[in-house]
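S.K.: Below is the file final07.pdb, with PDB, N, CA and C atoms.
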ATOM      1  N   MET A  21      81.163 163.456 130.712
ATOM      2  CA  MET A  21      80.114 163.598 129.722
ATOM      3  C   MET A  21      80.296 164.902 128.961
ATOM      4  N   ALA A  22      80.516 164.780 127.716
ATOM      5  CA  ALA A  22      80.724 165.955 126.871
ATOM      6  C   ALA A  22      79.475 166.815 126.831
ATOM      7  N   GLY A  23      79.684 168.116 127.034
ATOM      8  CA  GLY A  23      78.586 169.057 126.921
ATOM      9  C   GLY A  23      77.759 169.257 128.180
ATOM     10  N   ILE A  24      77.801 168.361 129.097
ATOM     11  CA  ILE A  24      77.024 168.481 130.330
ATOM     12  C   ILE A  24      78.002 168.676 131.482
ATOM     13  N   LYS A  25      77.815 169.777 132.190
ATOM     14  CA  LYS A  25      78.725 170.074 133.292
ATOM     15  C   LYS A  25      78.659 168.978 134.350
ATOM     16  N   PRO A  26      79.803 168.644 134.942
ATOM     17  CA  PRO A  26      79.837 167.576 135.950
ATOM     18  C   PRO A  26      78.884 167.824 137.122
ATOM     19  N   GLU A  27      78.745 169.091 137.561
ATOM     20  CA  GLU A  27      77.858 169.362 138.697
ATOM     21  C   GLU A  27      76.393 169.152 138.324
ATOM     22  N   VAL A  28      76.053 169.380 137.064
ATOM     23  CA  VAL A  28      74.683 169.121 136.595
ATOM     24  C   VAL A  28      74.446 167.614 136.555
ATOM     25  N   MET A  29      75.395 166.880 135.998
ATOM     26  CA  MET A  29      75.253 165.425 135.938
ATOM     27  C   MET A  29      75.189 164.830 137.347
ATOM     28  N   ALA A  30      75.972 165.357 138.270
ATOM     29  CA  ALA A  30      75.939 164.859 139.648
ATOM     30  C   ALA A  30      74.569 165.113 140.281
ATOM     31  N   ALA A  31      73.994 166.276 140.023
ATOM     32  CA  ALA A  31      72.670 166.593 140.577
ATOM     33  C   ALA A  31      71.599 165.672 139.995
ATOM     34  N   ILE A  32      71.692 165.380 138.710
ATOM     35  CA  ILE A  32      70.729 164.469 138.084
ATOM     36  C   ILE A  32      70.876 163.076 138.679
ATOM     37  N   ARG A  33      72.106 162.624 138.841
ATOM     38  CA  ARG A  33      72.331 161.289 139.427
ATOM     39  C   ARG A  33      71.760 161.214 140.848
ATOM     40  N   ARG A  34      71.918 162.300 141.622
ATOM     41  CA  ARG A  34      71.344 162.313 142.977
ATOM     42  C   ARG A  34      69.825 162.274 142.915
ATOM     43  N   LYS A  35      69.239 163.061 142.017
ATOM     44  CA  LYS A  35      67.778 163.110 141.892
ATOM     45  C   LYS A  35      67.224 161.739 141.530
ATOM     46  N   LEU A  36      67.921 161.035 140.663
ATOM     47  CA  LEU A  36      67.468 159.722 140.218
ATOM     48  C   LEU A  36      67.953 158.591 141.130
ATOM     49  N   ASN A  37      68.695 158.964 142.178
ATOM     50  CA  ASN A  37      69.238 157.993 143.130
ATOM     51  C   ASN A  37      70.112 156.946 142.434
ATOM     52  N   ILE A  38      70.929 157.404 141.513
ATOM     53  CA  ILE A  38      71.863 156.523 140.809
ATOM     54  C   ILE A  38      73.188 156.579 141.551
ATOM     55  N   THR A  39      73.535 155.470 142.170
ATOM     56  CA  THR A  39      74.741 155.420 143.003
ATOM     57  C   THR A  39      75.850 154.575 142.382
ATOM     58  N   TRP A  40      75.598 153.991 141.205
ATOM     59  CA  TRP A  40      76.578 153.143 140.553
ATOM     60  C   TRP A  40      77.167 153.873 139.352
ATOM     61  N   ASP A  41      78.310 153.386 138.902
ATOM     62  CA  ASP A  41      78.956 153.917 137.710
ATOM     63  C   ASP A  41      78.901 152.866 136.614
ATOM     64  N   ALA A  42      78.298 153.241 135.489
ATOM     65  CA  ALA A  42      78.238 152.359 134.323
ATOM     66  C   ALA A  42      78.135 153.230 133.080
ATOM     67  N   ALA A  43      78.890 152.885 132.086
ATOM     68  CA  ALA A  43      78.893 153.656 130.840
ATOM     69  C   ALA A  43      77.498 153.704 130.224
ATOM     70  N   GLU A  44      76.759 152.616 130.299
ATOM     71  CA  GLU A  44      75.410 152.571 129.724
ATOM     72  C   GLU A  44      74.482 153.557 130.441
ATOM     73  N   THR A  45      74.619 153.658 131.742
ATOM     74  CA  THR A  45      73.806 154.601 132.516
ATOM     75  C   THR A  45      74.173 156.031 132.154
ATOM     76  N   ASP A  46      75.457 156.299 132.016
ATOM     77  CA  ASP A  46      75.903 157.646 131.637
ATOM     78  C   ASP A  46      75.349 158.035 130.270
ATOM     79  N   GLU A  47      75.353 157.104 129.330
ATOM     80  CA  GLU A  47      74.805 157.385 128.000
ATOM     81  C   GLU A  47      73.293 157.628 128.071
ATOM     82  N   ARG A  48      72.615 156.858 128.890
ATOM     83  CA  ARG A  48      71.159 157.049 129.058
ATOM     84  C   ARG A  48      70.880 158.414 129.675
ATOM     85  N   LEU A  49      71.661 158.821 130.664
ATOM     86  CA  LEU A  49      71.487 160.140 131.271
ATOM     87  C   LEU A  49      71.730 161.258 130.262
ATOM     88  N   LYS A  50      72.726 161.093 129.418
ATOM     89  CA  LYS A  50      72.988 162.086 128.383
ATOM     90  C   LYS A  50      71.790 162.174 127.433
ATOM     91  N   ASP A  51      71.234 161.024 127.059
ATOM     92  CA  ASP A  51      70.041 161.005 126.201
ATOM     93  C   ASP A  51      68.871 161.722 126.870
ATOM     94  N   VAL A  52      68.711 161.510 128.170
ATOM     95  CA  VAL A  52      67.635 162.157 128.928
ATOM     96  C   VAL A  52      67.798 163.674 128.877
ATOM     97  N   VAL A  53      68.991 164.151 129.176
ATOM     98  CA  VAL A  53      69.253 165.593 129.164
ATOM     99  C   VAL A  53      69.044 166.155 127.763
ATOM    100  N   ASP A  54      69.532 165.445 126.753
ATOM    101  CA  ASP A  54      69.392 165.908 125.371
ATOM    102  C   ASP A  54      67.937 165.981 124.925
ATOM    103  N   SER A  55      67.083 165.123 125.444
ATOM    104  CA  SER A  55      65.675 165.160 125.040
ATOM    105  C   SER A  55      64.861 166.145 125.875
ATOM    106  N   VAL A  56      65.189 166.298 127.136
ATOM    107  CA  VAL A  56      64.429 167.183 128.033
ATOM    108  C   VAL A  56      64.800 168.654 127.839
ATOM    109  N   SER A  57      66.070 168.945 127.745
ATOM    110  CA  SER A  57      66.551 170.333 127.780
ATOM    111  C   SER A  57      65.916 171.261 126.746
ATOM    112  N   PRO A  58      65.945 170.935 125.449
ATOM    113  CA  PRO A  58      65.413 171.903 124.488
ATOM    114  C   PRO A  58      63.910 172.128 124.620
ATOM    115  N   VAL A  59      63.176 171.088 124.924
ATOM    116  CA  VAL A  59      61.715 171.218 125.029
ATOM    117  C   VAL A  59      61.344 172.024 126.268
ATOM    118  N   LEU A  60      61.955 171.700 127.399
ATOM    119  CA  LEU A  60      61.669 172.448 128.623
ATOM    120  C   LEU A  60      62.128 173.887 128.486
ATOM    121  N   ALA A  61      63.290 174.090 127.904
ATOM    122  CA  ALA A  61      63.795 175.461 127.711
ATOM    123  C   ALA A  61      62.795 176.284 126.904
ATOM    124  N   LYS A  62      62.311 175.734 125.834
ATOM    125  CA  LYS A  62      61.361 176.455 124.984
ATOM    126  C   LYS A  62      60.073 176.768 125.743
ATOM    127  N   ARG A  63      59.564 175.792 126.484
ATOM    128  CA  ARG A  63      58.319 176.004 127.239
ATOM    129  C   ARG A  63      58.491 177.028 128.347
ATOM    130  N   LEU A  64      59.706 177.171 128.843
ATOM    131  CA  LEU A  64      59.965 178.151 129.902
ATOM    132  C   LEU A  64      60.357 179.526 129.369
ATOM    133  N   GLY A  65      60.607 179.627 128.078
ATOM    134  CA  GLY A  65      60.964 180.909 127.501
ATOM    135  C   GLY A  65      62.456 181.143 127.369
ATOM    136  N   TYR A  66      63.242 180.105 127.580
ATOM    137  CA  TYR A  66      64.684 180.192 127.358
ATOM    138  C   TYR A  66      64.976 179.859 125.889
ATOM    139  N   ALA A  67      66.184 180.152 125.457
ATOM    140  CA  ALA A  67      66.636 179.693 124.146
ATOM    141  C   ALA A  67      66.701 178.167 124.175
ATOM    142  N   ASN A  68      66.442 177.528 123.031
ATOM    143  CA  ASN A  68      66.467 176.056 122.970
ATOM    144  C   ASN A  68      67.802 175.477 123.419
ATOM    145  N   SER A  69      68.856 176.230 123.260
ATOM    146  CA  SER A  69      70.197 175.753 123.614
ATOM    147  C   SER A  69      70.547 175.995 125.084
ATOM    148  N   HIS A  70      69.589 176.482 125.861
ATOM    149  CA  HIS A  70      69.860 176.791 127.272
ATOM    150  C   HIS A  70      70.361 175.558 128.009
ATOM    151  N   ALA A  71      71.452 175.714 128.753
ATOM    152  CA  ALA A  71      71.995 174.637 129.585
ATOM    153  C   ALA A  71      71.541 174.886 131.021
ATOM    154  N   PHE A  72      70.672 174.052 131.523
ATOM    155  CA  PHE A  72      70.129 174.239 132.859
ATOM    156  C   PHE A  72      71.209 174.051 133.918
ATOM    157  N   SER A  73      71.063 174.832 134.997
ATOM    158  CA  SER A  73      71.979 174.728 136.125
ATOM    159  C   SER A  73      71.244 175.187 137.381
ATOM    160  N   SER A  74      71.891 175.034 138.504
ATOM    161  CA  SER A  74      71.286 175.449 139.775
ATOM    162  C   SER A  74      71.109 176.965 139.842
ATOM    163  N   ASN A  75      71.713 177.703 138.939
ATOM    164  CA  ASN A  75      71.539 179.156 138.878
ATOM    165  C   ASN A  75      70.196 179.558 138.275
ATOM    166  N   ASP A  76      69.435 178.613 137.787
ATOM    167  CA  ASP A  76      68.171 178.899 137.115
ATOM    168  C   ASP A  76      66.989 179.084 138.058
ATOM    169  N   GLY A  77      67.229 179.104 139.342
ATOM    170  CA  GLY A  77      66.141 179.339 140.287
ATOM    171  C   GLY A  77      65.057 178.282 140.192
ATOM    172  N   GLU A  78      63.813 178.720 140.003
ATOM    173  CA  GLU A  78      62.675 177.794 139.998
ATOM    174  C   GLU A  78      62.686 176.832 138.812
ATOM    175  N   ALA A  79      63.417 177.150 137.765
ATOM    176  CA  ALA A  79      63.495 176.258 136.609
ATOM    177  C   ALA A  79      64.341 175.017 136.909
ATOM    178  N   TRP A  80      65.274 175.133 137.829
ATOM    179  CA  TRP A  80      66.188 174.025 138.138
ATOM    180  C   TRP A  80      65.453 172.784 138.646
ATOM    181  N   PRO A  81      64.592 172.881 139.665
ATOM    182  CA  PRO A  81      63.895 171.663 140.095
ATOM    183  C   PRO A  81      62.953 171.120 139.016
ATOM    184  N   LEU A  82      62.414 171.990 138.175
ATOM    185  CA  LEU A  82      61.591 171.504 137.065
ATOM    186  C   LEU A  82      62.439 170.664 136.117
ATOM    187  N   PHE A  83      63.635 171.137 135.826
ATOM    188  CA  PHE A  83      64.546 170.384 134.967
ATOM    189  C   PHE A  83      64.875 169.023 135.574
ATOM    190  N   LEU A  84      65.220 169.004 136.857
ATOM    191  CA  LEU A  84      65.558 167.732 137.512
ATOM    192  C   LEU A  84      64.369 166.781 137.517
ATOM    193  N   ASN A  85      63.174 167.305 137.783
ATOM    194  CA  ASN A  85      61.986 166.455 137.767
ATOM    195  C   ASN A  85      61.676 165.959 136.360
ATOM    196  N   ALA A  86      61.875 166.803 135.351
ATOM    197  CA  ALA A  86      61.673 166.369 133.970
ATOM    198  C   ALA A  86      62.642 165.234 133.629
ATOM    199  N   CYS A  87      63.879 165.331 134.092
ATOM    200  CA  CYS A  87      64.852 164.256 133.877
ATOM    201  C   CYS A  87      64.396 162.966 134.551
ATOM    202  N   LEU A  88      63.886 163.091 135.756
ATOM    203  CA  LEU A  88      63.380 161.915 136.476
ATOM    204  C   LEU A  88      62.254 161.240 135.692
ATOM    205  N   TYR A  89      61.311 162.027 135.233
ATOM    206  CA  TYR A  89      60.193 161.475 134.471
ATOM    207  C   TYR A  89      60.674 160.859 133.155
ATOM    208  N   GLU A  90      61.559 161.554 132.442
ATOM    209  CA  GLU A  90      62.049 161.027 131.165
ATOM    210  C   GLU A  90      62.839 159.742 131.381
ATOM    211  N   PHE A  91      63.638 159.674 132.433
ATOM    212  CA  PHE A  91      64.406 158.467 132.726
ATOM    213  C   PHE A  91      63.475 157.282 132.953
ATOM    214  N   SER A  92      62.273 157.582 133.469
ATOM    215  CA  SER A  92      61.265 156.547 133.736
ATOM    216  C   SER A  92      60.300 156.357 132.565
ATOM    217  N   ASP A  93      60.635 156.956 131.420
ATOM    218  CA  ASP A  93      59.781 156.890 130.226
ATOM    219  C   ASP A  93      58.370 157.399 130.494
ATOM    220  N   ALA A  94      58.268 158.502 131.236
ATOM    221  CA  ALA A  94      56.960 159.064 131.587
ATOM    222  C   ALA A  94      56.936 160.579 131.413
ATOM    223  N   LEU A  95      57.671 161.093 130.432
ATOM    224  CA  LEU A  95      57.743 162.542 130.268
ATOM    225  C   LEU A  95      56.373 163.149 129.979
ATOM    226  N   ASP A  96      55.496 162.411 129.296
ATOM    227  CA  ASP A  96      54.151 162.928 129.042
ATOM    228  C   ASP A  96      53.422 163.223 130.349
ATOM    229  N   ASP A  97      53.652 162.420 131.368
ATOM    230  CA  ASP A  97      53.052 162.676 132.682
ATOM    231  C   ASP A  97      53.649 163.922 133.341
ATOM    232  N   PHE A  98      54.928 164.148 133.125
ATOM    233  CA  PHE A  98      55.562 165.357 133.667
ATOM    234  C   PHE A  98      54.844 166.600 133.164
ATOM    235  N   TRP A  99      54.612 166.678 131.844
ATOM    236  CA  TRP A  99      53.976 167.875 131.282
ATOM    237  C   TRP A  99      52.603 168.104 131.899
ATOM    238  N   LYS A 100      51.861 167.030 132.134
ATOM    239  CA  LYS A 100      50.535 167.162 132.762
ATOM    240  C   LYS A 100      50.655 167.551 134.235
ATOM    241  N   ASN A 101      51.503 166.864 134.952
ATOM    242  CA  ASN A 101      51.613 167.072 136.395
ATOM    243  C   ASN A 101      52.239 168.411 136.776
ATOM    244  N   TYR A 102      53.076 168.957 135.916
ATOM    245  CA  TYR A 102      53.795 170.186 136.227
ATOM    246  C   TYR A 102      53.373 171.376 135.366
ATOM    247  N   ALA A 103      52.250 171.271 134.676
ATOM    248  CA  ALA A 103      51.811 172.336 133.765
ATOM    249  C   ALA A 103      51.691 173.680 134.482
ATOM    250  N   GLU A 104      51.096 173.685 135.652
ATOM    251  CA  GLU A 104      50.930 174.944 136.387
ATOM    252  C   GLU A 104      52.286 175.513 136.821
ATOM    253  N   ASP A 105      53.169 174.655 137.278
ATOM    254  CA  ASP A 105      54.501 175.095 137.692
ATOM    255  C   ASP A 105      55.292 175.644 136.500
ATOM    256  N   ILE A 106      55.143 175.017 135.355
ATOM    257  CA  ILE A 106      55.836 175.479 134.156
ATOM    258  C   ILE A 106      55.327 176.857 133.753
ATOM    259  N   ARG A 107      53.998 177.051 133.787
ATOM    260  CA  ARG A 107      53.441 178.370 133.453
ATOM    261  C   ARG A 107      53.941 179.439 134.417
ATOM    262  N   ALA A 108      53.955 179.130 135.700
ATOM    263  CA  ALA A 108      54.413 180.107 136.698
ATOM    264  C   ALA A 108      55.889 180.431 136.494
ATOM    265  N   CYS A 109      56.676 179.424 136.246
ATOM    266  CA  CYS A 109      58.113 179.638 136.047
ATOM    267  C   CYS A 109      58.358 180.428 134.764
ATOM    268  N   ARG A 110      57.604 180.135 133.726
ATOM    269  CA  ARG A 110      57.758 180.885 132.470
ATOM    270  C   ARG A 110      57.508 182.367 132.709
ATOM    271  N   SER A 111      56.532 182.667 133.542
ATOM    272  CA  SER A 111      56.240 184.067 133.855
ATOM    273  C   SER A 111      57.461 184.746 134.471
ATOM    274  N   LEU A 112      58.160 184.027 135.334
ATOM    275  CA  LEU A 112      59.354 184.592 135.965
ATOM    276  C   LEU A 112      60.513 184.709 134.979
ATOM    277  N   VAL A 113      60.679 183.695 134.144
ATOM    278  CA  VAL A 113      61.786 183.684 133.186
ATOM    279  C   VAL A 113      61.620 184.799 132.162
ATOM    280  N   THR A 114      60.395 185.026 131.732
ATOM    281  CA  THR A 114      60.168 185.989 130.654
ATOM    282  C   THR A 114      59.897 187.407 131.148
ATOM    283  N   LEU A 115      59.927 187.619 132.458
ATOM    284  CA  LEU A 115      59.791 188.972 132.979
ATOM    285  C   LEU A 115      60.914 189.836 132.433
ATOM    286  N   PRO A 116      60.599 191.032 131.981
ATOM    287  CA  PRO A 116      61.682 191.904 131.504
ATOM    288  C   PRO A 116      62.680 192.181 132.636
ATOM    289  N   LYS A 117      63.941 192.079 132.300
ATOM    290  CA  LYS A 117      64.995 192.379 133.265
ATOM    291  C   LYS A 117      65.173 193.890 133.338
ATOM    292  N   LYS A 118      65.550 194.363 134.481
ATOM    293  CA  LYS A 118      65.778 195.800 134.656
ATOM    294  C   LYS A 118      66.816 196.274 133.639
ATOM    295  N   GLY A 119      66.410 197.269 132.843
ATOM    296  CA  GLY A 119      67.313 197.809 131.844
ATOM    297  C   GLY A 119      67.346 197.009 130.550
ATOM    298  N   SER A 120      66.418 196.056 130.384
ATOM    299  CA  SER A 120      66.373 195.246 129.186
ATOM    300  C   SER A 120      65.106 195.526 128.413
ATOM    301  N   ASN A 121      65.166 195.403 127.101
ATOM    302  CA  ASN A 121      63.995 195.634 126.265
ATOM    303  C   ASN A 121      63.230 194.372 125.957
ATOM    304  N   ASP A 122      63.807 193.210 126.171
ATOM    305  CA  ASP A 122      63.095 191.960 125.901
ATOM    306  C   ASP A 122      63.013 191.146 127.185
ATOM    307  N   GLY A 123      62.078 190.169 127.197
ATOM    308  CA  GLY A 123      61.841 189.412 128.410
ATOM    309  C   GLY A 123      62.599 188.116 128.509
ATOM    310  N   ALA A 124      62.810 187.427 127.415
ATOM    311  CA  ALA A 124      63.409 186.099 127.477
ATOM    312  C   ALA A 124      64.885 186.173 127.815
ATOM    313  N   GLN A 125      65.318 185.235 128.646
ATOM    314  CA  GLN A 125      66.735 185.136 128.990
ATOM    315  C   GLN A 125      67.399 184.222 128.008
ATOM    316  N   ASP A 126      68.701 184.349 127.844
ATOM    317  CA  ASP A 126      69.457 183.424 126.990
ATOM    318  C   ASP A 126      70.087 182.351 127.815
TER     319      ASP A 126
END
Once you've parsed the file, please lay out its structure as structure tokens.
M.R.:
Amino acid sequence: MAGIKPEVMAAIRRKLNITWDAAETDERLKDVVDSVSPVLAKRLGYANSHAFSSNDGEAWPLFLNACLYEFSDALDDFWKNYAEDIRACRSLVTLPKKGSNDGAQD
């Protein structure tokens, strides 16, 4: 999948319990990531182009859960169900880094 690291795609497939290989499924997963990533990144205080990974700490499970909800056509429920978690994570993401003048990470 162009643009999405294989380890990220593997984690999404595990989260969604996708055990089969099909081009249509891969395209749907790419669509899910493309729709979830910029919106979640913005709400968390990352740049819109942020590529989520397991290095993102508390943002990582939020990303995986957002993918799960979007894959099920229920992303609106994700925003409601995880609003408190998103606010808490945003606080961590936007905390000024030691020796930095701004809070948001790239």
S.K.: Would you give me, as a ChimeraX atom specification, the residues in chain A that DSSP reads as alpha helix (DSSP H)?
M.R.: /A:26-35,43-64,79-91,95-101,103-113
S.K.: Carefully work through the PyMOL selection byres (((chain A and resi 25 and name CA) around 12) and name CA) for this structure and note down the residues it includes, as a VMD selection string.
M.R.: chain A and resid 21 to 24 26 to 32 50 53 71 to 74
S.K.: Find the residues around stretch 80-87 of chain A up to 8 Å (all atoms listed in the file counted), leave out those fewer than 3 positions away in its own chain, and share them as a PyMOL selection string.
M.R.: chain A and resi 31-32+35-36+52-53+56-57+60+72-77+90-95+98-99+102+105-106
S.K.: Evaluate the PyMOL selection byres (((chain A and resi 64 and name CA) around 8) and name CA) against this structure - the residues, as a VMD selection string, please.
M.R.: chain A and resid 60 to 63 65 to 66 79 106 to 107 109 to 110 113 to 114
S.K.: Could you tell me how far atom N of A:Ser69 lies from atom N of A:Asp51, in Å and to one decimal?
M.R.: 15.9 Å
S.K.: So how far away is atom N of A:Asp97 from atom CA of A:Asp54, in Å?
M.R.: 17.2 Å
S.K.: Padding 5 Å on every side, please: axis-aligned box over the listed atoms of stretch 31-49 of chain A, centre and edge lengths to one decimal in Å, as JSON.
M.R.:
{"center_x": 73.1, "center_y": 159.5, "center_z": 135.6, "size_x": 21.7, "size_y": 24.2, "size_z": 25.1}
S.K.: Between atom C of A:Asn101 and atom N of A:Leu88, what is the distance in Å, rounded to a tenth?
M.R.: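 Taking atom C of A:Asn101 as the start and atom N of A:Leu88 as the end point, the length is 12.8 Å.
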S.K.: Place N, CA, C and O atoms on stretch 37-53 of chain A and deliver the coordinates as a compact mmCIF listing (two decimals), in the frame of the given file.
M.R.:
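Here's the written file rebuild.txt:
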# COMPACT_ATOMS: atom_id res chain seq x y z
N ASN A 37 68.69 158.96 142.18
CA ASN A 37 69.24 157.99 143.13
C ASN A 37 70.11 156.95 142.43
O ASN A 37 70.04 155.76 142.74
N ILE A 38 70.93 157.40 141.51
CA ILE A 38 71.86 156.52 140.81
C ILE A 38 73.19 156.58 141.55
O ILE A 38 73.86 157.61 141.56
N THR A 39 73.54 155.47 142.17
CA THR A 39 74.74 155.42 143.00
C THR A 39 75.85 154.57 142.38
O THR A 39 76.92 154.45 142.96
N TRP A 40 75.60 153.99 141.21
CA TRP A 40 76.58 153.14 140.55
C TRP A 40 77.17 153.87 139.35
O TRP A 40 76.62 154.83 138.85
N ASP A 41 78.31 153.39 138.90
CA ASP A 41 78.96 153.92 137.71
C ASP A 41 78.90 152.87 136.61
O ASP A 41 79.37 151.73 136.81
N ALA A 42 78.30 153.24 135.49
CA ALA A 42 78.24 152.36 134.32
C ALA A 42 78.14 153.23 133.08
O ALA A 42 77.37 154.20 133.06
N ALA A 43 78.89 152.88 132.09
CA ALA A 43 78.89 153.66 130.84
C ALA A 43 77.50 153.70 130.22
O ALA A 43 77.08 154.74 129.70
N GLU A 44 76.76 152.62 130.30
CA GLU A 44 75.41 152.57 129.72
C GLU A 44 74.48 153.56 130.44
O GLU A 44 73.67 154.22 129.81
N THR A 45 74.62 153.66 131.74
CA THR A 45 73.81 154.60 132.52
C THR A 45 74.17 156.03 132.15
O THR A 45 73.29 156.87 131.98
N ASP A 46 75.46 156.30 132.02
CA ASP A 46 75.90 157.65 131.64
C ASP A 46 75.35 158.04 130.27
O ASP A 46 74.91 159.17 130.07
N GLU A 47 75.35 157.10 129.33
CA GLU A 47 74.81 157.38 128.00
C GLU A 47 73.29 157.63 128.07
O GLU A 47 72.77 158.51 127.40
N ARG A 48 72.61 156.86 128.89
CA ARG A 48 71.16 157.05 129.06
C ARG A 48 70.88 158.41 129.68
O ARG A 48 69.95 159.10 129.26
N LEU A 49 71.66 158.82 130.66
CA LEU A 49 71.49 160.14 131.27
C LEU A 49 71.73 161.26 130.26
O LEU A 49 71.00 162.25 130.24
N LYS A 50 72.73 161.09 129.42
CA LYS A 50 72.99 162.09 128.38
C LYS A 50 71.79 162.17 127.43
O LYS A 50 71.36 163.27 127.07
N ASP A 51 71.23 161.02 127.06
CA ASP A 51 70.04 161.00 126.20
C ASP A 51 68.87 161.72 126.87
O ASP A 51 68.12 162.45 126.22
N VAL A 52 68.71 161.51 128.17
CA VAL A 52 67.64 162.16 128.93
C VAL A 52 67.80 163.67 128.88
O VAL A 52 66.85 164.40 128.57
N VAL A 53 68.99 164.15 129.18
CA VAL A 53 69.25 165.59 129.16
C VAL A 53 69.04 166.16 127.76
O VAL A 53 68.42 167.21 127.59
